[in-house]
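**Q** This is the content of final-v3.cif (mmCIF, C-alpha atoms):
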```cif
data_data
#
loop_
_atom_site.label_atom_id
_atom_site.label_comp_id
_atom_site.auth_asym_id
_atom_site.auth_seq_id
_atom_site.Cartn_x
_atom_site.Cartn_y
_atom_site.Cartn_z
CA MET A 812 0.00 0.00 0.00
CA ASN A 813 1.10 3.57 -0.65
CA ASN A 814 2.15 4.90 2.73
CA ASP A 815 1.33 8.44 1.58
CA LYS A 816 -2.39 7.69 1.73
CA ILE A 817 -4.25 9.93 4.16
CA ILE A 818 -7.21 8.88 6.29
CA LEU A 819 -9.82 11.62 6.21
CA SER A 820 -12.41 11.59 8.98
CA VAL A 821 -15.62 13.60 9.12
CA ALA A 822 -17.23 14.58 12.43
CA THR A 823 -20.75 15.33 11.29
CA THR A 824 -22.67 16.63 14.28
CA GLY A 825 -21.07 16.75 17.73
CA SER A 826 -23.01 17.32 20.94
CA ARG A 827 -22.99 21.12 21.06
CA PRO A 828 -23.70 22.82 17.69
CA SER A 829 -27.27 23.52 16.60
CA LYS A 830 -29.21 24.20 13.43
CA LEU A 831 -29.67 27.76 14.70
CA GLN A 832 -25.92 28.18 14.25
CA ASN A 833 -25.81 26.39 10.89
CA PRO A 834 -28.97 25.06 9.19
CA GLY A 835 -26.85 22.44 7.40
CA LEU A 836 -25.99 20.62 10.63
CA PRO A 837 -27.36 17.04 10.52
CA VAL A 838 -29.20 16.04 13.69
CA THR A 839 -31.71 13.28 12.85
CA PRO A 840 -30.46 9.74 12.14
CA GLU A 841 -31.50 10.20 8.51
CA GLU A 842 -29.59 13.48 8.19
CA ILE A 843 -26.49 12.10 9.92
CA ALA A 844 -26.43 9.00 7.72
CA GLN A 845 -26.88 11.07 4.57
CA ALA A 846 -24.05 13.38 5.65
CA ALA A 847 -21.83 10.34 6.17
CA VAL A 848 -22.62 8.94 2.72
CA GLU A 849 -22.09 12.28 0.99
CA SER A 850 -18.78 12.77 2.82
CA TRP A 851 -17.69 9.23 1.87
CA ARG A 852 -18.32 10.07 -1.77
CA GLU A 853 -15.99 13.05 -1.38
CA GLY A 854 -13.17 11.02 0.17
CA ALA A 855 -13.90 10.45 3.86
CA ALA A 856 -12.89 7.01 5.14
CA VAL A 857 -14.19 7.47 8.71
CA VAL A 858 -17.33 9.08 10.12
CA HIS A 859 -17.37 10.16 13.77
CA VAL A 860 -20.94 10.11 15.06
CA HIS A 861 -22.84 11.77 17.89
CA VAL A 862 -26.62 11.34 17.95
CA ARG A 863 -29.41 13.67 19.06
CA ASP A 864 -32.89 13.13 20.49
CA GLU A 865 -36.19 14.36 19.02
CA ALA A 866 -35.56 17.81 20.47
CA GLY A 867 -32.10 17.98 18.92
CA LYS A 868 -30.27 17.50 22.23
CA MET A 869 -27.37 15.10 22.67
CA THR A 870 -28.29 11.58 23.71
CA CYS A 871 -26.69 8.18 24.20
CA ASP A 872 -29.80 6.36 22.96
CA LEU A 873 -28.62 3.03 21.53
CA SER A 874 -31.49 2.84 19.04
CA ARG A 875 -30.36 6.07 17.40
CA PHE A 876 -26.80 4.83 16.97
CA GLN A 877 -28.19 1.61 15.51
CA ARG A 878 -30.44 3.55 13.13
CA VAL A 879 -27.56 5.67 11.84
CA LYS A 880 -25.46 2.59 11.17
CA GLN A 881 -28.35 0.81 9.43
CA LEU A 882 -29.07 3.79 7.18
CA ILE A 883 -25.41 4.19 6.19
CA ARG A 884 -24.98 0.55 5.28
CA ALA A 885 -28.33 0.47 3.43
CA GLN A 886 -26.81 2.86 0.87
CA GLY A 887 -23.90 0.53 0.16
CA CYS A 888 -21.50 2.82 2.01
CA ASP A 889 -18.50 1.07 3.59
CA ILE A 890 -17.20 4.08 5.53
CA LEU A 891 -15.69 3.17 8.93
CA ILE A 892 -18.18 4.08 11.64
CA ASN A 893 -16.76 5.66 14.78
CA PHE A 894 -19.33 6.14 17.54
CA THR A 895 -18.67 8.55 20.37
CA THR A 896 -18.44 7.46 24.00
CA SER A 897 -18.00 11.00 25.31
CA GLY A 898 -21.52 11.44 26.64
CA GLY A 899 -21.48 15.08 25.59
CA ALA A 900 -18.34 15.86 27.58
CA GLY A 901 -19.78 14.89 30.94
CA ARG A 902 -23.49 15.57 30.47
CA VAL A 903 -24.63 11.99 31.17
CA ASP A 904 -23.80 9.27 33.70
CA GLU A 905 -20.77 7.11 33.02
CA GLY A 906 -22.85 4.00 32.40
CA GLU A 907 -24.75 5.57 29.52
CA ARG A 908 -21.51 6.29 27.72
CA PHE A 909 -21.04 2.59 26.95
CA ASN A 910 -24.33 2.38 25.04
CA SER A 911 -22.91 3.10 21.60
CA LEU A 912 -20.57 0.09 21.76
CA ALA A 913 -23.58 -2.24 21.57
CA ALA A 914 -24.35 -0.87 18.10
CA GLY A 915 -21.21 -2.56 16.76
CA PRO A 916 -19.01 0.25 15.44
CA GLU A 917 -15.53 -0.57 14.18
CA LEU A 918 -14.12 2.45 16.02
CA GLY A 919 -15.10 4.24 19.21
CA SER A 920 -13.78 7.42 20.75
CA LEU A 921 -11.81 7.14 23.98
CA ASP A 922 -11.25 10.51 25.64
CA ALA A 923 -8.00 9.87 27.44
CA GLY A 924 -8.31 12.04 30.53
CA SER A 925 -10.26 14.55 32.57
CA MET A 926 -10.23 18.25 31.77
CA ASN A 927 -12.02 21.56 32.02
CA PHE A 928 -13.99 21.49 28.76
CA ASN A 929 -15.24 24.98 27.96
CA GLU A 930 -17.59 25.72 30.90
CA ARG A 931 -17.87 22.20 32.36
CA VAL A 932 -15.65 19.51 33.83
CA PHE A 933 -15.24 16.49 31.55
CA LEU A 934 -14.46 13.55 33.83
CA ASN A 935 -12.59 10.50 32.55
CA PRO A 936 -10.97 8.99 35.67
CA PRO A 937 -8.51 6.10 35.39
CA ASP A 938 -10.98 3.41 36.49
CA PHE A 939 -13.50 4.56 33.88
CA LEU A 940 -10.87 4.58 31.13
CA GLU A 941 -9.78 1.07 32.08
CA GLU A 942 -13.37 -0.18 31.98
CA LEU A 943 -14.09 1.58 28.68
CA ALA A 944 -10.95 0.20 27.04
CA GLY A 945 -11.75 -3.28 28.35
CA ARG A 946 -15.28 -3.14 26.98
CA MET A 947 -13.97 -1.94 23.63
CA LEU A 948 -11.47 -4.78 23.52
CA ALA A 949 -14.18 -7.33 24.32
CA ALA A 950 -16.50 -5.86 21.68
CA ASN A 951 -13.75 -5.72 19.03
CA VAL A 952 -14.05 -1.93 18.79
CA LYS A 953 -10.77 -0.13 18.11
CA PRO A 954 -10.31 2.96 20.28
CA GLU A 955 -9.71 6.29 18.65
CA ILE A 956 -7.66 7.87 21.43
CA GLU A 957 -8.80 11.48 21.70
CA VAL A 958 -6.07 13.66 23.17
CA PHE A 959 -6.93 17.20 24.27
CA ASP A 960 -3.63 17.88 26.02
CA SER A 961 -0.28 16.17 26.47
CA GLY A 962 -1.04 14.61 29.86
CA MET A 963 -3.64 12.38 28.24
CA ILE A 964 -0.94 10.56 26.28
CA GLY A 965 0.45 9.09 29.50
CA ASN A 966 -3.02 7.87 30.49
CA ALA A 967 -3.43 6.15 27.14
CA MET A 968 0.05 4.64 27.33
CA THR A 969 -0.95 2.88 30.55
CA LEU A 970 -3.85 1.25 28.70
CA ILE A 971 -1.58 0.28 25.80
CA GLN A 972 1.06 -1.19 28.12
CA ASN A 973 -1.64 -3.19 29.95
CA GLY A 974 -2.79 -4.74 26.68
CA LEU A 975 -6.15 -2.96 26.59
CA ILE A 976 -5.42 -1.17 23.31
CA LYS A 977 -4.05 -3.23 20.44
CA PRO A 978 -1.42 -1.91 18.04
CA PRO A 979 -1.24 0.22 16.11
CA PRO A 980 -2.66 2.89 18.41
CA TRP A 981 -4.86 5.42 16.60
CA TRP A 982 -4.57 8.93 18.06
CA GLN A 983 -6.82 11.92 17.40
CA PHE A 984 -5.29 15.20 18.58
CA VAL A 985 -8.18 17.56 19.36
CA LEU A 986 -6.71 21.04 19.52
CA GLY A 987 -7.97 24.50 20.35
CA VAL A 988 -10.67 23.50 22.85
CA LYS A 989 -10.88 25.92 25.78
CA GLY A 990 -9.12 24.07 28.59
CA GLY A 991 -6.98 21.96 26.26
CA ALA A 992 -3.83 22.26 24.17
CA PRO A 993 -3.68 25.18 21.72
CA ALA A 994 -4.07 24.66 17.99
CA THR A 995 -0.51 25.57 17.04
CA ALA A 996 2.29 23.90 15.12
CA ARG A 997 4.45 23.85 18.25
CA SER A 998 1.73 22.07 20.21
CA LEU A 999 1.16 19.49 17.48
CA LEU A 1000 4.88 18.74 17.15
CA TYR A 1001 5.17 18.12 20.88
CA LEU A 1002 2.23 15.71 20.84
CA ILE A 1003 3.60 13.79 17.86
CA ASP A 1004 6.98 13.49 19.56
CA SER A 1005 5.28 12.07 22.67
CA ILE A 1006 3.57 9.04 21.11
CA PRO A 1007 5.26 5.69 20.40
CA ALA A 1008 6.78 4.72 17.08
CA GLY A 1009 4.38 2.89 14.82
CA SER A 1010 1.40 4.99 15.90
CA LEU A 1011 -1.05 6.52 13.48
CA TRP A 1012 -2.19 10.02 14.31
CA SER A 1013 -4.78 12.47 13.09
CA VAL A 1014 -5.53 16.06 14.01
CA CYS A 1015 -8.65 18.16 14.30
CA ALA A 1016 -9.16 21.65 15.65
CA VAL A 1017 -12.09 23.85 16.52
CA GLY A 1018 -13.30 26.89 14.64
CA TRP A 1019 -11.15 28.67 12.07
CA ARG A 1020 -8.10 26.71 13.21
CA GLN A 1021 -9.53 23.55 11.67
CA LEU A 1022 -8.16 24.04 8.17
CA PRO A 1023 -4.64 25.24 9.11
CA MET A 1024 -4.15 22.28 11.46
CA ASN A 1025 -5.54 19.86 8.86
CA MET A 1026 -3.05 21.26 6.36
CA LEU A 1027 -0.20 20.74 8.82
CA ALA A 1028 -1.26 17.11 9.20
CA ILE A 1029 -1.24 16.67 5.43
CA ALA A 1030 2.25 18.15 5.16
CA MET A 1031 3.63 16.14 8.09
CA GLY A 1032 2.39 12.72 7.01
CA GLY A 1033 -0.47 12.49 9.49
CA HIS A 1034 -4.19 12.17 8.99
CA ALA A 1035 -6.97 14.72 9.36
CA ARG A 1036 -10.52 15.24 10.62
CA THR A 1037 -12.93 17.88 9.42
CA GLY A 1038 -16.67 18.40 9.80
CA LEU A 1039 -19.37 20.57 11.32
CA GLU A 1040 -18.83 19.19 14.83
CA ASP A 1041 -15.58 21.12 14.98
CA ASN A 1042 -16.26 24.10 12.71
CA LEU A 1043 -19.47 25.50 11.23
CA TYR A 1044 -17.82 27.77 8.68
CA TYR A 1045 -16.27 27.24 5.26
CA LYS A 1046 -14.33 30.48 5.55
CA ARG A 1047 -14.57 33.65 7.57
CA GLY A 1048 -18.12 34.96 7.38
CA GLU A 1049 -19.41 32.09 5.24
CA LEU A 1050 -21.19 29.11 6.78
CA ALA A 1051 -20.29 25.69 5.42
CA GLN A 1052 -23.08 24.25 3.31
CA SER A 1053 -22.47 20.68 4.46
CA ASN A 1054 -19.97 18.24 5.90
CA ALA A 1055 -19.31 16.99 2.38
CA GLN A 1056 -18.21 20.46 1.30
CA LEU A 1057 -15.54 20.50 4.02
CA VAL A 1058 -14.39 16.97 3.12
CA ALA A 1059 -14.20 17.82 -0.59
CA ARG A 1060 -11.91 20.77 0.12
CA LEU A 1061 -9.63 18.73 2.36
CA ALA A 1062 -9.45 15.88 -0.16
CA ARG A 1063 -8.53 18.34 -2.92
CA ILE A 1064 -5.75 19.90 -0.84
CA ALA A 1065 -4.41 16.46 0.11
CA ARG A 1066 -4.31 15.38 -3.52
CA GLU A 1067 -2.56 18.58 -4.55
CA CYS A 1068 0.07 17.74 -1.93
CA GLY A 1069 0.52 14.26 -3.38
CA ARG A 1070 -1.55 12.41 -0.78
CA GLU A 1071 -4.51 10.46 -2.07
CA PRO A 1072 -7.35 9.94 0.44
CA ALA A 1073 -7.46 6.35 1.65
CA THR A 1074 -10.54 4.31 0.86
CA PRO A 1075 -12.32 2.73 3.82
CA ALA A 1076 -10.76 -0.62 2.86
CA GLU A 1077 -7.29 0.93 2.84
CA ALA A 1078 -7.97 2.69 6.14
CA ARG A 1079 -9.02 -0.61 7.71
CA GLU A 1080 -5.72 -2.15 6.64
CA MET A 1081 -3.73 0.80 7.96
CA LEU A 1082 -5.54 0.65 11.31
CA GLY A 1083 -5.13 -3.10 11.69
CA LEU A 1084 -8.84 -3.80 11.32
CA VAL A 1085 -8.56 -6.29 8.47
CA ARG A 1086 -9.60 -9.69 9.77
#
```
Let me see whether you can do it: turn the structure in this file into structure tokens.

**A**
Amino acid sequence: MNNDKIILSVATTGSRPSKLQNPGLPVTPEEIAQAAVESWREGAAVVHVHVRDEAGKMTCDLSRFQRVKQLIRAQGCDILINFTTSGGAGRVDEGERFNSLAAGPELGSLDAGSMNFNERVFLNPPDFLEELAGRMLAANVKPEIEVFDSGMIGNAMTLIQNGLIKPPPWWQFVLGVKGGAPATARSLLYLIDSIPAGSLWSVCAVGWRQLPMNMLAIAMGGHARTGLEDNLYYKRGELAQSNAQLVARLARIARECGREPATPAEAREMLGLVR
């Protein structure tokens, strides 16, 4: 396989943005699935999914995760499905955060530590992380290790060393969140230098910093995540029309830099998911 292939992820919805902020934000299972399929057609290999209830609020309702997965696969789309376990950054009980694993995703987010997350405390204590990683291992769900600051790498390394996360580890550096590491080149370089050899890493960033950090990842041989969860705008003063629009731009830039977006099948091989 060409090692220059880049895994593009799309984070369609998140737990915080609303249609009042951007009417193109998908919130129903049908809208989220359609956004995933459209993004896949533009080059996304992974979709990161949060679900919402009837009122548009974040939820951990298993049936909604199941519905999204069913609708994606019904369209012949083989995109890797990555379900969140964040629980809206601490807005639900710990037990509810495991719900999405029962829907059978190939990937699941693992937020690797506690932090002040904007205006709330996002708790991920060591015993919870150990239980979450163990449940993922038992369910054959590969963790996407979400790192908001450098201290979280040490937490994840404990799980790796204890055999709870299989190689190669898959890291997602989430930069620019209030309370976390800044979205700067210096910050990204430090994080990359702190993870073990053989890792695969991706970067996302919030707001206008999304595109510059994605471009750094392209140039540095990493992988990248875009989408309306992280950024509602296409450029300053102009709302993004859709997740697919953001993916299409990132895929074009990657190709112009000599990096072809990986297909889902290629991404599975790169991530060690081929069985």

**Q** Between A:Glu1040, A:Glu1049, A:Glu1077, A:Glu957, single out the one closest to Lys830 (chain A), counting all atoms listed in the file.

**A** A:Glu1040

**Q** Write out as a count of residues only each polymer residue whose atoms come within 10 Å of Arg863 (chain A), counting all atoms listed in the file; drop sequence neighbours fewer than 2 positions from it.

**A** 19

**Q** Counting all atoms listed in the file, which residues sit no farther than 8 Å from the position (-7.0, 20.0, 21.0) in the file's frame? I'd like them as a VMD selection string.

**A** chain A and resid 958 to 960 984 to 988 991 to 994 1015 to 1017

**Q** Which is closer to Ala846 (chain A) than all the others in A:Gln1052, A:Thr969, A:Ser829, A:Ser1013, using only C-alpha atoms?

**A**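 Checking each of A:Gln1052, A:Thr969, A:Ser829, A:Ser1013 against Ala846 (chain A), counting only C-alpha atoms, the winner is A:Gln1052.
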
**Q** Specify as a short mmCIF file (atom, residue, chain, number, x, y, z; two decimals) with C-alpha atoms, in the coordinates of the input each residue included when the PyMOL selection byres ((chain A and resi 894) around 6) is applied to this file.

**A**
```cif
data_model
loop_
_atom_site.label_atom_id
_atom_site.label_comp_id
_atom_site.auth_asym_id
_atom_site.auth_seq_id
_atom_site.Cartn_x
_atom_site.Cartn_y
_atom_site.Cartn_z
CA HIS A 859 -17.37 10.16 13.77
CA VAL A 860 -20.94 10.11 15.06
CA ASN A 893 -16.76 5.66 14.78
CA THR A 895 -18.67 8.55 20.37
CA GLY A 919 -15.10 4.24 19.21
#
```

**Q** Find the residues around Arg1060 (chain A) up to 9 Å (all atoms listed in the file counted), leave out those fewer than 5 positions away in its own chain, and share them as a ChimeraX atom specification.

**A** /A:853,1055,1065

**Q** In Å, rounded to a single decimal, give me how far CA of Arg1036 (chain A) is from CA of Arg997 (chain A).

**A**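 Atom-to-atom, CA of Arg997 (chain A) and CA of Arg1036 (chain A) are spaced 18.9 Å apart.
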
**Q** Which residues are near Ala1073 (chain A)? Cut-off 12 Å, all atoms listed in the file, ignore same chain within fewer than 4 positions. Put them as a list in words.

**A** Met812, Asn813, Asn814, Asp815, Lys816, Ile817, Ile818, Leu819, Ser820, Trp851, Arg852, Glu853, Gly854, Ala855, Ala856, Val857, Ile890, Leu891, His1034, Ala1035, Ala1062, Ala1065, Arg1066, Glu1077, Ala1078, Arg1079, Glu1080, Met1081 and Leu1082 of chain A
